[in-house]
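Structure data (mmCIF, C-alpha atoms) from model25.cif:
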data_target
loop_
_atom_site.group_PDB
_atom_site.id
_atom_site.type_symbol
_atom_site.label_atom_id
_atom_site.label_comp_id
_atom_site.auth_asym_id
_atom_site.auth_seq_id
_atom_site.Cartn_x
_atom_site.Cartn_y
_atom_site.Cartn_z
ATOM 1 C CA ILE N 1 -5.473 -73.044 61.183
ATOM 2 C CA ASN N 2 -7.109 -72.684 64.578
ATOM 3 C CA MET N 3 -4.481 -71.786 67.118
ATOM 4 C CA THR N 4 -4.890 -71.203 70.821
ATOM 5 C CA THR N 5 -3.191 -67.962 71.802
ATOM 6 C CA GLU N 6 -2.725 -66.590 75.261
ATOM 7 C CA ASN N 7 -1.254 -63.386 76.585
ATOM 8 C CA ILE N 8 1.625 -64.378 78.827
ATOM 9 C CA SER N 9 3.085 -61.407 80.669
ATOM 10 C CA GLY N 10 2.291 -59.031 77.811
ATOM 11 C CA TRP N 11 3.343 -61.329 74.954
ATOM 12 C CA ASP N 12 0.775 -63.078 72.739
ATOM 13 C CA VAL N 13 1.850 -66.696 72.528
ATOM 14 C CA ALA N 14 0.530 -69.566 70.404
ATOM 15 C CA THR N 15 0.413 -71.980 73.329
ATOM 16 C CA ASP N 16 -0.474 -74.901 71.033
ATOM 17 C CA LEU N 17 3.071 -74.656 69.696
ATOM 18 C CA LEU N 18 4.748 -74.947 73.110
ATOM 19 C CA ASP N 19 6.198 -78.341 73.933
ATOM 20 C CA GLN N 20 8.014 -79.568 76.997
ATOM 21 C CA GLN N 21 11.766 -79.289 76.548
ATOM 22 C CA ASP N 22 11.432 -76.460 73.968
ATOM 23 C CA ILE N 23 14.318 -74.012 73.952
ATOM 24 C CA ALA N 24 13.594 -70.291 74.218
ATOM 25 C CA TYR N 25 16.010 -67.399 73.825
ATOM 26 C CA SER N 26 14.899 -64.127 75.368
ATOM 27 C CA PHE N 27 16.905 -61.071 74.354
ATOM 28 C CA GLY N 28 16.478 -57.948 76.503
ATOM 29 C CA ILE N 29 14.876 -58.697 79.856
ATOM 30 C CA CYS N 30 15.503 -55.460 81.778
ATOM 31 C CA ASP N 31 13.776 -56.146 85.121
ATOM 32 C CA ASP N 32 10.916 -58.352 83.992
ATOM 33 C CA ILE N 33 11.220 -62.115 83.709
ATOM 34 C CA GLY N 34 7.508 -62.793 84.113
ATOM 35 C CA PHE N 35 7.199 -64.286 80.637
ATOM 36 C CA GLU N 36 10.321 -66.395 81.048
ATOM 37 C CA LYS N 37 9.274 -67.739 84.450
ATOM 38 C CA ASP N 38 5.745 -68.474 83.207
ATOM 39 C CA ILE N 39 6.829 -70.579 80.247
ATOM 40 C CA VAL N 40 9.361 -72.445 82.385
ATOM 41 C CA GLU N 41 6.858 -73.197 85.141
ATOM 42 C CA ARG N 42 3.778 -73.852 82.982
ATOM 43 C CA PHE N 43 5.294 -75.527 79.921
ATOM 44 C CA ASN N 44 8.679 -76.852 81.138
ATOM 45 C CA VAL N 45 10.520 -74.818 78.501
ATOM 46 C CA PHE N 46 14.279 -74.220 78.818
ATOM 47 C CA VAL N 47 14.887 -70.460 78.743
ATOM 48 C CA TYR N 48 18.135 -68.652 78.053
ATOM 49 C CA ALA N 49 17.751 -64.965 78.939
ATOM 50 C CA PHE N 50 20.227 -62.301 77.824
ATOM 51 C CA ASP N 51 20.783 -58.686 78.809
ATOM 52 C CA PRO N 52 24.167 -56.963 79.182
ATOM 53 C CA THR N 53 22.988 -53.719 80.780
ATOM 54 C CA PRO N 54 24.340 -53.037 84.289
ATOM 55 C CA TYR N 55 20.841 -52.459 85.632
ATOM 56 C CA SER N 56 19.637 -55.863 84.432
ATOM 57 C CA VAL N 57 22.762 -57.724 85.496
ATOM 58 C CA ASN N 58 22.434 -56.297 89.024
ATOM 59 C CA TRP N 59 18.673 -56.860 89.134
ATOM 60 C CA ILE N 60 18.887 -60.498 88.005
ATOM 61 C CA ALA N 61 21.554 -61.225 90.661
ATOM 62 C CA ASP N 62 18.881 -60.595 93.309
ATOM 63 C CA GLN N 63 16.287 -62.916 91.717
ATOM 64 C CA LYS N 64 15.560 -66.545 92.469
ATOM 65 C CA LEU N 65 15.488 -68.166 89.048
ATOM 66 C CA PRO N 66 13.697 -71.420 88.251
ATOM 67 C CA GLN N 67 15.983 -74.313 87.367
ATOM 68 C CA ASN N 68 15.296 -74.102 83.604
ATOM 69 C CA LEU N 69 15.946 -70.343 83.403
ATOM 70 C CA ASN N 70 19.553 -69.327 82.752
ATOM 71 C CA PHE N 71 20.833 -65.762 82.445
ATOM 72 C CA TYR N 72 23.797 -64.475 80.426
ATOM 73 C CA PRO N 73 25.067 -60.859 80.397
ATOM 74 C CA TRP N 74 25.515 -60.859 76.620
ATOM 75 C CA ALA N 75 24.088 -58.566 73.968
ATOM 76 C CA ALA N 76 22.425 -60.020 70.892
ATOM 77 C CA SER N 77 23.860 -58.678 67.667
ATOM 78 C CA GLY N 78 24.327 -59.456 64.007
ATOM 79 C CA LYS N 79 27.984 -60.251 64.659
ATOM 80 C CA ASP N 80 30.354 -61.139 67.485
ATOM 81 C CA GLY N 81 32.459 -58.555 69.236
ATOM 82 C CA ASN N 82 32.679 -55.927 71.923
ATOM 83 C CA PHE N 83 30.377 -53.016 71.216
ATOM 84 C CA PHE N 84 29.115 -49.901 72.912
ATOM 85 C CA LEU N 85 25.533 -49.559 74.076
ATOM 86 C CA TYR N 86 24.175 -46.094 74.756
ATOM 87 C CA PRO N 87 21.439 -45.069 77.207
ATOM 88 C CA ARG N 88 18.202 -44.240 75.445
ATOM 89 C CA VAL N 89 17.222 -40.586 75.720
ATOM 90 C CA ASN N 90 13.547 -39.649 75.888
ATOM 91 C CA ASN N 91 11.893 -36.660 74.202
ATOM 92 C CA LYS N 92 12.632 -34.499 77.246
ATOM 93 C CA GLY N 93 16.365 -35.298 77.110
ATOM 94 C CA LYS N 94 16.404 -37.643 80.117
ATOM 95 C CA LYS N 95 18.741 -40.643 79.872
ATOM 96 C CA SER N 96 17.395 -44.069 80.734
ATOM 97 C CA SER N 97 19.145 -46.205 83.324
ATOM 98 C CA THR N 98 17.474 -49.364 82.003
ATOM 99 C CA MET N 99 17.191 -49.080 78.215
ATOM 100 C CA PHE N 100 20.289 -49.039 76.025
ATOM 101 C CA THR N 101 20.742 -49.185 72.248
ATOM 102 C CA PHE N 102 23.429 -49.978 69.655
ATOM 103 C CA HIS N 103 21.800 -47.443 67.373
ATOM 104 C CA GLU N 104 24.283 -45.799 64.989
ATOM 105 C CA GLN N 105 22.925 -42.326 65.677
ATOM 106 C CA GLU N 106 24.191 -42.530 69.258
ATOM 107 C CA LYS N 107 27.846 -43.273 68.424
ATOM 108 C CA CYS N 108 28.965 -39.657 68.784
ATOM 109 C CA ARG N 109 28.135 -39.765 72.486
ATOM 110 C CA ASP N 110 30.633 -40.508 75.228
ATOM 111 C CA ASP N 111 28.302 -42.241 77.708
ATOM 112 C CA GLY N 112 28.313 -45.728 76.188
ATOM 113 C CA ILE N 113 29.040 -48.943 78.023
ATOM 114 C CA LYS N 114 31.187 -51.633 76.422
ATOM 115 C CA VAL N 115 29.425 -55.000 76.208
ATOM 116 C CA GLU N 116 30.182 -58.444 74.875
ATOM 117 C CA ALA N 117 27.861 -59.245 71.968
ATOM 118 C CA PHE N 118 27.250 -62.397 69.981
ATOM 119 C CA SER N 119 25.286 -63.428 66.944
ATOM 120 C CA ILE N 120 22.472 -65.881 67.538
ATOM 121 C CA ASN N 121 24.587 -68.568 65.810
ATOM 122 C CA SER N 122 27.500 -67.988 68.192
ATOM 123 C CA MET N 123 25.234 -68.023 71.242
ATOM 124 C CA MET N 124 23.774 -71.349 70.168
ATOM 125 C CA LYS N 125 27.260 -72.823 69.688
ATOM 126 C CA LYS N 126 28.511 -71.482 73.037
ATOM 127 C CA LEU N 127 25.469 -72.926 74.843
ATOM 128 C CA GLY N 128 25.354 -76.210 72.927
ATOM 129 C CA ASN N 129 21.887 -75.656 71.449
ATOM 130 C CA GLU N 130 21.102 -77.122 68.046
ATOM 131 C CA LYS N 131 17.781 -75.299 67.711
ATOM 132 C CA ILE N 132 15.693 -72.488 69.137
ATOM 133 C CA ASP N 133 11.952 -73.009 69.350
ATOM 134 C CA ILE N 134 10.959 -69.592 70.699
ATOM 135 C CA LEU N 135 12.778 -66.315 70.137
ATOM 136 C CA LYS N 136 11.657 -63.250 72.111
ATOM 137 C CA MET N 137 13.330 -59.897 71.494
ATOM 138 C CA ASP N 138 12.989 -56.450 73.024
ATOM 139 C CA ILE N 139 16.422 -55.065 72.231
ATOM 140 C CA GLU N 140 15.926 -51.420 71.320
ATOM 141 C CA GLY N 141 16.585 -51.509 67.579
ATOM 142 C CA ALA N 142 19.149 -54.344 67.459
ATOM 143 C CA GLU N 143 16.388 -56.778 66.462
ATOM 144 C CA TYR N 144 16.894 -55.936 62.783
ATOM 145 C CA ASP N 145 20.528 -57.123 62.737
ATOM 146 C CA VAL N 146 19.613 -60.270 64.690
ATOM 147 C CA ILE N 147 16.817 -61.060 62.226
ATOM 148 C CA ASP N 148 19.136 -60.512 59.249
ATOM 149 C CA CYS N 149 21.722 -62.830 60.824
ATOM 150 C CA MET N 150 19.064 -65.452 61.516
ATOM 151 C CA LEU N 151 17.751 -65.252 57.934
ATOM 152 C CA ASP N 152 21.289 -65.771 56.606
ATOM 153 C CA SER N 153 21.523 -68.983 58.642
ATOM 154 C CA ASP N 154 19.292 -72.018 58.986
ATOM 155 C CA ILE N 155 17.849 -70.900 62.332
ATOM 156 C CA ARG N 156 14.055 -71.000 62.109
ATOM 157 C CA PRO N 157 12.275 -70.787 65.478
ATOM 158 C CA LYS N 158 8.675 -71.940 65.420
ATOM 159 C CA MET N 159 7.662 -68.788 67.304
ATOM 160 C CA LEU N 160 8.969 -65.217 67.098
ATOM 161 C CA LEU N 161 7.954 -62.604 69.664
ATOM 162 C CA ILE N 162 9.466 -59.248 68.731
ATOM 163 C CA GLU N 163 9.000 -55.679 69.894
ATOM 164 C CA PHE N 164 10.014 -53.641 66.862
ATOM 165 C CA HIS N 165 11.630 -50.245 67.350
ATOM 166 C CA HIS N 166 11.019 -48.667 63.963
ATOM 167 C CA ARG N 167 10.085 -45.417 65.688
ATOM 168 C CA PHE N 168 13.785 -44.756 66.236
ATOM 169 C CA LYS N 169 15.275 -42.068 64.037
ATOM 170 C CA GLY N 170 17.211 -43.720 61.244
ATOM 171 C CA ILE N 171 15.276 -47.014 61.292
ATOM 172 C CA GLY N 172 11.754 -46.224 60.123
ATOM 173 C CA LYS N 173 8.697 -48.406 59.506
ATOM 174 C CA GLN N 174 10.021 -49.535 56.118
ATOM 175 C CA LYS N 175 12.721 -51.587 57.869
ATOM 176 C CA THR N 176 10.025 -53.467 59.803
ATOM 177 C CA CYS N 177 7.902 -54.019 56.700
ATOM 178 C CA ASN N 178 10.787 -55.541 54.745
#
Give the structure from this file in structure tokens form.
Amino acid sequence: INMTTENISGWDVATDLLDQQDIAYSFGICDDIGFEKDIVERFNVFVYAFDPTPYSVNWIADQKLPQNLNFYPWAASGKDGNFFLYPRVNNKGKKSSTMFTFHEQEKCRDDGIKVEAFSINSMMKKLGNEKIDILKMDIEGAEYDVIDCMLDSDIRPKMLLIEFHHRFKGIGKQKTCN
């Protein structure tokens, strides 16, 4: 199959698959909605962006969003509930103010933030969406639980854009390969 692909704000997208009125879910935006704005403006896609981190919630409040781009301060997870996210720590021991993770290894720490999290199924129900055409995830290791949840349901986006975090201790490349 010949497919036209284009790099849109750092994400390789099969643009032939984009249709007007498509629905995109974007999990983990931090302070970059270039991709989301581009697909709204160029392809008239409806985008639902999600990020519960304080940095992102504050950053997005100062942005002028296109009409078809909606933001929700929810975390994506394999199940619904209130969970703790923990700041990522780099190799030099410095905590991130922008990147947080659910990762099990971090649970012994006391610097977590409590966030509201939903499965992809619950998000779709809450927002009244019957389908997702594009799913983009950069959620610091939580992508594996979201994928498992999606596979256990009938949710089958026509396009998946995922930054995998198998480099995290306790996840490993095998998890990505499965």
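The shortest atom-to-atom distance to Asn82 of chain N, with all atoms listed in the file taken into account, belongs to N:Glu116 out of N:Glu130, N:Glu116, N:Asp148, N:Asp154.
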Going by the chain IDs and residue numbers used in this file, which residues fall under the PyMOL selection byres ((chain N and resi 120) around 8)? Write them as an MDAnalysis selection string. chainID N and resid 76:78 118:119 121:124 146 149:150
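Applied to this file, the PyMOL selection byres ((chain N and resi 158-164) around 9) selects Trp11, Asp12, Val13, Ala14, Leu17, Leu18, Ile132, Asp133, Ile134, Leu135, Lys136, Met137, Asp138, Ile139, Glu140, Gly141, Glu143, Tyr144, Arg156, Pro157, His165, His166, Arg167 and Thr176 of chain N.
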One-decimal distance in Å that lies between atom CA of Gln20 of chain N and atom CA of Lys64 of chain N: 21.6 Å
May I have the residues at most 12 Å from (7.1, -66.8, 83.6) in the file's coordinates, counting only C-alpha atoms, as an NGL selection string? :N and (7-11 or 24 or 26 or 29 or 32-47 or 49 or 65-66 or 68-69)
Atom pair atom CA of Asn2 of chain N / atom CA of Phe27 of chain N: separation (Å): 28.4 Å
Just so the selection is clear, what residues does the PyMOL selection byres ((chain N and resi 73) around 7) cover here, as a PyMOL selection string? chain N and resi 50-52+57+71-72+74-75
Quick one, how far is atom CA of Asp110 of chain N from atom CA of Ile147 of chain N? 28.0 Å
Within 9 Å of Asp31 of chain N using all atoms listed in the file, minus same-chain residues under 2 positions, as a ChimeraX atom specification: /N:29,33,55-56,59-60,98
N:Asp80, N:Asp62, N:Glu6, N:Asp16 ranked by distance to Ala117 of chain N, top pick (using all atoms listed in the file): N:Asp80
